[in-house]
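Text of query22.cif (mmCIF, C-alpha atoms, pLDDT in the B column; chains and numbers go by the auth columns) as supplied:
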data_work
#
loop_
_atom_site.group_PDB
_atom_site.id
_atom_site.type_symbol
_atom_site.label_atom_id
_atom_site.label_comp_id
_atom_site.label_asym_id
_atom_site.label_seq_id
_atom_site.Cartn_x
_atom_site.Cartn_y
_atom_site.Cartn_z
_atom_site.B_iso_or_equiv
_atom_site.auth_seq_id
_atom_site.auth_asym_id
ATOM 1 C CA MET A 1 -129.038 -73.575 98.738 64.00 23 A
ATOM 2 C CA GLN A 2 -130.435 -72.011 101.924 67.00 24 A
ATOM 3 C CA LEU A 3 -127.669 -73.647 103.956 72.00 25 A
ATOM 4 C CA GLU A 4 -124.976 -72.065 101.797 74.00 26 A
ATOM 5 C CA GLU A 5 -126.577 -68.633 102.119 76.00 27 A
ATOM 6 C CA SER A 6 -126.753 -68.915 105.917 78.00 28 A
ATOM 7 C CA ILE A 7 -123.100 -70.012 106.137 76.00 29 A
ATOM 8 C CA ALA A 8 -122.048 -67.076 103.901 75.00 30 A
ATOM 9 C CA LYS A 9 -123.930 -64.617 106.132 79.00 31 A
ATOM 10 C CA GLU A 10 -122.283 -66.010 109.309 79.00 32 A
ATOM 11 C CA LEU A 11 -118.824 -65.797 107.720 79.00 33 A
ATOM 12 C CA ALA A 12 -119.466 -62.231 106.573 80.00 34 A
ATOM 13 C CA GLY A 13 -120.512 -61.265 110.087 82.00 35 A
ATOM 14 C CA ILE A 14 -117.351 -62.812 111.580 84.00 36 A
ATOM 15 C CA VAL A 15 -115.103 -61.076 109.036 78.00 37 A
ATOM 16 C CA ASN A 16 -116.782 -57.691 109.577 84.00 38 A
ATOM 17 C CA ALA A 17 -116.361 -58.003 113.341 84.00 39 A
ATOM 18 C CA GLN A 18 -112.652 -58.874 113.023 82.00 40 A
ATOM 19 C CA VAL A 19 -112.068 -55.940 110.651 80.00 41 A
ATOM 20 C CA ALA A 20 -113.835 -53.518 113.002 85.00 42 A
ATOM 21 C CA ARG A 21 -111.721 -54.770 115.948 84.00 43 A
ATOM 22 C CA CYS A 22 -108.509 -54.315 113.965 83.00 44 A
ATOM 23 C CA LEU A 23 -109.470 -50.769 112.987 85.00 45 A
ATOM 24 C CA ASP A 24 -110.150 -49.839 116.629 85.00 46 A
ATOM 25 C CA GLU A 25 -106.764 -51.180 117.738 84.00 47 A
ATOM 26 C CA MET A 26 -104.995 -49.238 114.950 82.00 48 A
ATOM 27 C CA ARG A 27 -106.720 -45.968 115.969 84.00 49 A
ATOM 28 C CA LYS A 28 -105.609 -46.491 119.593 83.00 50 A
ATOM 29 C CA MET A 29 -101.999 -47.172 118.511 81.00 51 A
ATOM 30 C CA ILE A 30 -101.921 -44.052 116.329 80.00 52 A
ATOM 31 C CA ALA A 31 -103.346 -41.930 119.164 80.00 53 A
ATOM 32 C CA GLU A 32 -100.591 -43.137 121.546 78.00 54 A
ATOM 33 C CA ILE A 33 -97.742 -42.200 119.154 75.00 55 A
ATOM 34 C CA PRO A 34 -96.116 -39.000 120.531 72.00 56 A
ATOM 35 C CA ARG A 35 -96.213 -36.042 118.145 70.00 57 A
ATOM 36 C CA PRO A 36 -92.941 -34.163 117.496 66.00 58 A
ATOM 37 C CA GLU A 37 -92.685 -30.688 118.922 71.00 59 A
ATOM 38 C CA LYS A 38 -92.908 -27.770 116.488 71.00 60 A
ATOM 39 C CA GLY A 39 -89.452 -26.446 115.591 67.00 61 A
ATOM 40 C CA GLU A 40 -88.413 -22.835 115.655 74.00 62 A
ATOM 41 C CA LYS A 41 -89.074 -20.712 112.569 76.00 63 A
ATOM 42 C CA GLY A 42 -86.052 -20.591 110.297 70.00 64 A
ATOM 43 C CA GLU A 43 -84.412 -17.401 109.095 77.00 65 A
ATOM 44 C CA LYS A 44 -85.770 -15.739 105.952 77.00 66 A
ATOM 45 C CA GLY A 45 -83.754 -16.632 102.882 71.00 67 A
ATOM 46 C CA GLU A 46 -82.170 -14.105 100.568 78.00 68 A
ATOM 47 C CA ARG A 47 -84.259 -12.756 97.702 79.00 69 A
ATOM 48 C CA GLY A 48 -83.467 -14.373 94.386 75.00 70 A
ATOM 49 C CA GLU A 49 -82.366 -12.487 91.285 80.00 71 A
ATOM 50 C CA ARG A 50 -85.045 -11.073 89.001 80.00 72 A
ATOM 51 C CA GLY A 51 -85.786 -13.260 86.021 75.00 73 A
ATOM 52 C CA ASP A 52 -85.648 -12.207 82.365 78.00 74 A
ATOM 53 C CA LYS A 53 -88.545 -10.227 80.957 77.00 75 A
ATOM 54 C CA GLY A 54 -91.143 -12.501 79.424 72.00 76 A
ATOM 55 C CA GLU A 55 -92.352 -12.255 75.859 74.00 77 A
ATOM 56 C CA ILE A 56 -95.323 -10.057 75.009 73.00 78 A
ATOM 57 C CA GLY A 57 -98.532 -12.014 75.207 67.00 79 A
ATOM 58 C CA ILE A 58 -101.083 -12.343 72.442 71.00 80 A
ATOM 59 C CA ALA A 59 -103.602 -9.504 72.288 67.00 81 A
ATOM 60 C CA GLY A 60 -106.948 -10.436 73.769 64.00 82 A
ATOM 61 C CA ARG A 61 -110.132 -10.472 71.769 68.00 83 A
ATOM 62 C CA ASP A 62 -112.546 -7.577 71.780 67.00 84 A
ATOM 63 C CA GLY A 63 -115.239 -7.840 74.387 63.00 85 A
ATOM 64 C CA LEU A 64 -118.894 -8.174 73.572 65.00 86 A
ATOM 65 C CA ALA A 65 -120.845 -5.031 72.794 65.00 87 A
ATOM 66 C CA GLY A 66 -122.413 -3.458 75.844 62.00 88 A
ATOM 67 C CA LEU A 67 -126.122 -3.146 76.373 67.00 89 A
ATOM 68 C CA PRO A 68 -127.704 0.090 75.099 68.00 90 A
ATOM 69 C CA GLY A 69 -128.045 2.767 77.741 68.00 91 A
ATOM 70 C CA ARG A 70 -131.361 3.953 79.080 74.00 92 A
ATOM 71 C CA ASP A 71 -133.041 6.974 77.550 74.00 93 A
ATOM 72 C CA GLY A 72 -132.218 10.206 79.308 74.00 94 A
ATOM 73 C CA LYS A 73 -134.793 12.446 80.878 77.00 95 A
ATOM 74 C CA ASP A 74 -136.425 15.140 78.789 75.00 96 A
ATOM 75 C CA GLY A 75 -134.877 18.576 79.229 72.00 97 A
ATOM 76 C CA ARG A 76 -136.761 21.573 80.469 77.00 98 A
ATOM 77 C CA ASP A 77 -138.560 23.807 78.026 71.00 99 A
ATOM 78 C CA GLY A 78 -136.461 26.727 76.827 62.00 100 A
ATOM 79 C CA ILE A 79 -137.297 30.335 77.580 69.00 101 A
ATOM 80 C CA ASP A 80 -138.814 32.322 74.723 66.00 102 A
ATOM 81 C CA GLY A 81 -136.187 34.655 73.251 61.00 103 A
ATOM 82 C CA LYS A 82 -136.720 38.232 72.280 71.00 104 A
ATOM 83 C CA ASP A 83 -137.051 39.299 68.660 71.00 105 A
ATOM 84 C CA GLY A 84 -133.783 40.510 67.178 70.00 106 A
ATOM 85 C CA ALA A 85 -133.308 44.012 65.806 76.00 107 A
ATOM 86 C CA ALA A 86 -134.290 44.620 62.194 77.00 108 A
ATOM 87 C CA GLY A 87 -131.405 44.299 59.729 71.00 109 A
ATOM 88 C CA PRO A 88 -130.221 47.171 57.510 74.00 110 A
ATOM 89 C CA THR A 89 -131.989 47.856 54.245 67.00 111 A
ATOM 90 C CA GLY A 90 -130.379 46.041 51.312 55.00 112 A
ATOM 91 C CA LYS A 91 -128.668 47.934 48.536 56.00 113 A
ATOM 92 C CA ASP A 92 -130.066 48.176 45.045 53.00 114 A
ATOM 93 C CA GLY A 93 -128.688 45.703 42.491 52.00 115 A
ATOM 94 C CA ALA A 94 -125.792 46.745 40.259 51.00 116 A
ATOM 95 C CA ASP A 95 -126.968 49.120 37.574 59.00 117 A
ATOM 96 C CA GLY A 96 -130.583 48.170 38.332 68.00 118 A
ATOM 97 C CA LEU A 97 -130.498 45.114 36.013 78.00 119 A
ATOM 98 C CA GLY A 98 -132.920 42.272 36.760 80.00 120 A
ATOM 99 C CA PHE A 99 -134.443 39.155 35.279 77.00 121 A
ATOM 100 C CA ASP A 100 -136.627 41.237 32.976 80.00 122 A
ATOM 101 C CA ASP A 101 -133.430 42.400 31.234 81.00 123 A
ATOM 102 C CA MET A 102 -131.933 38.896 30.834 82.00 124 A
ATOM 103 C CA THR A 103 -131.660 36.722 27.738 86.00 125 A
ATOM 104 C CA LEU A 104 -130.133 33.252 27.537 85.00 126 A
ATOM 105 C CA THR A 105 -128.113 31.949 24.587 86.00 127 A
ATOM 106 C CA LEU A 106 -125.972 28.863 24.017 78.00 128 A
ATOM 107 C CA SER A 107 -122.293 29.268 23.114 78.00 129 A
ATOM 108 C CA ASP A 108 -121.047 28.195 19.689 78.00 130 A
ATOM 109 C CA ASP A 109 -119.413 25.044 21.075 71.00 131 A
ATOM 110 C CA GLY A 110 -122.585 24.139 22.989 71.00 132 A
ATOM 111 C CA CYS A 111 -120.652 23.829 26.278 73.00 133 A
ATOM 112 C CA SER A 112 -121.796 27.047 28.003 79.00 134 A
ATOM 113 C CA VAL A 113 -124.914 29.147 28.609 81.00 135 A
ATOM 114 C CA ILE A 114 -124.490 32.921 28.208 86.00 136 A
ATOM 115 C CA GLU A 115 -126.618 35.139 30.442 84.00 137 A
ATOM 116 C CA ARG A 116 -126.911 38.595 28.845 85.00 138 A
ATOM 117 C CA TYR A 117 -128.328 41.529 30.813 87.00 139 A
ATOM 118 C CA ALA A 118 -129.082 44.654 28.782 88.00 140 A
ATOM 119 C CA ARG A 119 -130.942 47.899 29.493 85.00 141 A
ATOM 120 C CA GLY A 120 -130.166 50.941 27.429 81.00 142 A
ATOM 121 C CA ASN A 121 -126.399 51.375 27.211 83.00 143 A
ATOM 122 C CA VAL A 122 -125.759 49.002 30.172 85.00 144 A
ATOM 123 C CA VAL A 123 -124.855 45.478 29.032 85.00 145 A
ATOM 124 C CA LYS A 124 -123.421 42.639 31.132 86.00 146 A
ATOM 125 C CA GLU A 125 -122.739 39.011 30.230 83.00 147 A
ATOM 126 C CA LEU A 126 -122.118 35.936 32.376 83.00 148 A
ATOM 127 C CA LYS A 127 -120.871 32.651 30.922 79.00 149 A
ATOM 128 C CA ARG A 128 -121.840 29.516 32.801 80.00 150 A
ATOM 129 C CA ARG A 129 -120.462 26.084 31.942 75.00 151 A
ATOM 130 C CA VAL A 130 -123.083 23.422 31.157 75.00 152 A
ATOM 131 C CA ARG A 131 -122.657 20.501 33.568 75.00 153 A
ATOM 132 C CA GLY A 132 -122.698 16.958 32.195 78.00 154 A
ATOM 133 C CA HIS A 133 -121.850 18.071 28.627 83.00 155 A
ATOM 134 C CA TYR A 134 -120.808 15.283 26.237 89.00 156 A
ATOM 135 C CA CYS A 135 -117.526 16.278 24.620 88.00 157 A
ATOM 136 C CA GLY A 136 -117.128 13.364 22.208 92.00 158 A
ATOM 137 C CA PRO A 137 -114.024 11.157 22.085 95.00 159 A
ATOM 138 C CA TRP A 138 -111.344 12.088 24.619 95.00 160 A
ATOM 139 C CA LYS A 139 -108.471 14.171 23.242 94.00 161 A
ATOM 140 C CA GLU A 140 -105.104 14.620 24.909 92.00 162 A
ATOM 141 C CA ASP A 141 -105.119 18.384 24.254 92.00 163 A
ATOM 142 C CA GLY A 142 -108.823 18.824 25.073 91.00 164 A
ATOM 143 C CA GLU A 143 -110.093 21.123 27.828 89.00 165 A
ATOM 144 C CA TYR A 144 -112.552 19.436 30.186 90.00 166 A
ATOM 145 C CA PHE A 145 -114.432 20.413 33.322 90.00 167 A
ATOM 146 C CA PHE A 146 -116.320 18.796 36.195 90.00 168 A
ATOM 147 C CA GLU A 147 -119.077 16.345 35.054 90.00 169 A
ATOM 148 C CA ASP A 148 -118.056 16.545 31.379 91.00 170 A
ATOM 149 C CA THR A 149 -118.444 13.171 29.680 94.00 171 A
ATOM 150 C CA VAL A 150 -116.226 11.604 27.015 93.00 172 A
ATOM 151 C CA SER A 151 -115.771 8.281 25.281 95.00 173 A
ATOM 152 C CA SER A 152 -112.467 6.420 25.391 94.00 174 A
ATOM 153 C CA GLY A 153 -111.601 2.814 24.554 91.00 175 A
ATOM 154 C CA GLY A 154 -115.227 2.056 23.739 92.00 176 A
ATOM 155 C CA SER A 155 -116.407 3.076 27.244 95.00 177 A
ATOM 156 C CA GLY A 156 -118.039 6.213 28.661 95.00 178 A
ATOM 157 C CA TRP A 157 -116.304 8.347 31.319 95.00 179 A
ATOM 158 C CA VAL A 158 -117.364 11.319 33.472 94.00 180 A
ATOM 159 C CA ALA A 159 -115.017 13.887 35.011 93.00 181 A
ATOM 160 C CA VAL A 160 -115.064 13.868 38.821 94.00 182 A
ATOM 161 C CA VAL A 161 -112.689 16.818 39.376 93.00 183 A
ATOM 162 C CA ALA A 162 -112.804 20.479 38.304 90.00 184 A
ATOM 163 C CA THR A 163 -110.170 20.180 35.548 91.00 185 A
ATOM 164 C CA PRO A 164 -109.368 16.527 34.807 93.00 186 A
ATOM 165 C CA LYS A 165 -105.916 15.657 33.538 90.00 187 A
ATOM 166 C CA GLY A 166 -104.745 12.390 32.036 92.00 188 A
ATOM 167 C CA ARG A 167 -106.354 9.657 29.976 94.00 189 A
ATOM 168 C CA PRO A 168 -109.578 8.057 31.250 95.00 190 A
ATOM 169 C CA GLY A 169 -108.786 4.721 32.842 93.00 191 A
ATOM 170 C CA ASP A 170 -105.195 5.759 33.640 94.00 192 A
ATOM 171 C CA CYS A 171 -106.008 8.276 36.399 93.00 193 A
ATOM 172 C CA ARG A 172 -108.651 8.948 39.047 93.00 194 A
ATOM 173 C CA ASP A 173 -109.883 12.179 37.433 95.00 195 A
ATOM 174 C CA TRP A 174 -112.368 10.148 35.354 95.00 196 A
ATOM 175 C CA GLN A 175 -114.985 7.666 36.518 94.00 197 A
ATOM 176 C CA LEU A 176 -116.382 4.880 34.357 94.00 198 A
ATOM 177 C CA PHE A 177 -120.161 5.014 33.851 90.00 199 A
ATOM 178 C CA VAL A 178 -120.649 2.980 30.643 91.00 200 A
ATOM 179 C CA LYS A 179 -118.476 -0.107 30.124 89.00 201 A
ATOM 180 C CA LYS A 180 -117.555 -1.311 26.665 85.00 202 A
ATOM 181 C CA GLY A 181 -119.614 -4.321 25.580 79.00 203 A
ATOM 182 C CA ARG A 182 -118.258 -7.525 24.101 79.00 204 A
ATOM 183 C CA ASP A 183 -117.757 -7.728 20.342 75.00 205 A
ATOM 184 C CA GLY A 184 -120.703 -9.290 18.568 72.00 206 A
ATOM 185 C CA LYS A 185 -120.471 -12.463 16.496 79.00 207 A
ATOM 186 C CA ASP A 186 -119.877 -12.207 12.763 81.00 208 A
ATOM 187 C CA GLY A 187 -123.063 -12.378 10.736 78.00 209 A
ATOM 188 C CA GLU A 188 -123.787 -15.021 8.138 83.00 210 A
ATOM 189 C CA ARG A 189 -122.369 -14.493 4.691 84.00 211 A
ATOM 190 C CA GLY A 190 -124.891 -12.946 2.323 82.00 212 A
ATOM 191 C CA PRO A 191 -125.774 -14.285 -1.142 88.00 213 A
ATOM 192 C CA PRO A 192 -123.553 -13.297 -4.105 87.00 214 A
ATOM 193 C CA GLY A 193 -124.510 -10.033 -5.772 83.00 215 A
ATOM 194 C CA PRO A 194 -125.403 -9.565 -9.459 89.00 216 A
ATOM 195 C CA GLN A 195 -122.657 -9.616 -12.058 85.00 217 A
ATOM 196 C CA GLY A 196 -121.213 -6.195 -12.791 83.00 218 A
ATOM 197 C CA PRO A 197 -120.885 -4.607 -16.290 86.00 219 A
ATOM 198 C CA PRO A 198 -117.978 -5.725 -18.489 83.00 220 A
ATOM 199 C CA GLY A 199 -114.769 -3.842 -17.931 77.00 221 A
ATOM 200 C CA LYS A 200 -113.113 -1.561 -20.485 77.00 222 A
ATOM 201 C CA ASN A 201 -109.917 -2.453 -22.275 74.00 223 A
ATOM 202 C CA ALA A 202 -106.955 -0.824 -20.656 65.00 224 A
ATOM 203 C CA SER A 203 -104.780 1.324 -22.939 65.00 225 A
ATOM 204 C CA PHE A 204 -101.213 2.280 -22.145 56.00 226 A
#

Let me see whether you can do it: turn the structure in this file into structure tokens.
Amino acid sequence: MQLEESIAKELAGIVNAQVARCLDEMRKMIAEIPRPEKGEKGEKGERGERGDKGEIGIAGRDGLAGLPGRDGKDGRDGIDGKDGAAGPTGKDGADGLGFDDMTLTLSDDGCSVIERYARGNVVKELKRRVRGHYCGPWKEDGEYFFEDTVSSGGSGWVAVVATPKGRPGDCRDWQLFVKKGRDGKDGERGPPGPQGPPGKNASF
């Protein structure tokens, strides 16, 4: 076994030496090969025709959000301003009527509040519409105002414009606020009632 290993080492050394010698000879041969002289620069060719316009590329994705900026410096304190001139004296109210002369009543239809101002022979009235008034089932010829509520199709609706037009659910003048529930199940059949009195003989 040792003899074989020694022979293999000697052969490897011989082969490596022959390979190294061959490589040196090849380098020398390559170095002796004359290099061709550099030719003159050729004339510049004509410019080619412009190609067709390419298709529009796909839009790129949005970039990532930037980092928040740094807080700015505090501004300087403002200079104290001078007091403005006094405004003119206000005028007295119309006819001198005030809250002490006011009474509140509800209109007959319950849709408006009437403010009545009275002092002596001076009487004034203001009619204010009650907001959110329930007007019952919706009617095609009914007069409705902002925030009036009606029922239609088993649901509740509220007016979202000053003077709604059209049927609730068919236009945007009404907004749903109570949705119709599902029909309940039929109840169980009750027991038979007592027998009624005998009928009278019919006469023709």

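Across the model, the gap from CA of Leu126 in chain A to CA of Gly178 in chain A is 29.6 Å.
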
Run the PyMOL selection byres ((chain A and resi 127-138) around 8) mentally over the shown coordinates, then write out the matched residues as a ChimeraX atom specification, using the chain letters and numbers from the document. /A:123-126,139-140,145-152,155

Generate the output file for the selected residues, C-alpha atoms, as a tab-separated table (two decimals), keeping the file's coordinate frame.
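Just written: again.tsv:
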chain	number	residue	atom	x	y	z
A	123	ASP	CA	-133.43	42.40	31.23
A	124	MET	CA	-131.93	38.90	30.83
A	125	THR	CA	-131.66	36.72	27.74
A	126	LEU	CA	-130.13	33.25	27.54
A	139	TYR	CA	-128.33	41.53	30.81
A	140	ALA	CA	-129.08	44.65	28.78
A	145	VAL	CA	-124.86	45.48	29.03
A	146	LYS	CA	-123.42	42.64	31.13
A	147	GLU	CA	-122.74	39.01	30.23
A	148	LEU	CA	-122.12	35.94	32.38
A	149	LYS	CA	-120.87	32.65	30.92
A	150	ARG	CA	-121.84	29.52	32.80
A	151	ARG	CA	-120.46	26.08	31.94
A	152	VAL	CA	-123.08	23.42	31.16
A	155	HIS	CA	-121.85	18.07	28.63

So that I can check the surroundings of Trp196 in chain A, please list as number ranges by chain every protein, DNA and RNA residue that reaches within 8 Å of it, counting only C-alpha atoms and ignoring chain neighbours fewer than 2 positions away. A: 179-183, 186, 190-191, 193-194, 198

Nearest to Gly142 in chain A, restricted to all atoms listed in the file and choosing among A:Glu77, A:Ala53, A:Leu119, A:Tyr166, comes out as A:Leu119

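Rounded to one decimal, CA of Gly176 in chain A and CA of Arg153 in chain A lie 22.2 Å from each other.
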
For CA of Arg141 in chain A and CA of Pro110 in chain A, determine how far apart the two atoms are, in Å to one decimal place.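 The value is 28.0 Å.
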
Care to translate the PyMOL selection byres ((chain A and resi 203-215) around 12) into actual residues of this file, as a PyMOL selection string? chain A and resi 175-178+200-202+216-218

My list of candidates is A:Leu33, A:Ile55, A:Gln197, A:Phe168. Which is closest to Ala184 in chain A when distances are computed with all atoms listed in the file?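 The answer is A:Phe168, which sits nearest to Ala184 in chain A.
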
Around all of range 135-146 of chain A's listed atoms, make the axis-aligned box with 3 Å on each side and tell me centre and edge lengths in Å to one decimal, as AutoDock Vina command-line options.
--center_x -127.2 --center_y 40.3 --center_z 29.2 --size_x 13.5 --size_y 28.2 --size_z 9.9

Any idea what's packed within 12 Å of Glu162 in chain A, counting only C-alpha atoms, ignoring anything in its chain fewer than 2 positions away? Could you give it as a ChimeraX atom specification? /A:159-160,164-166,172,174,186-190
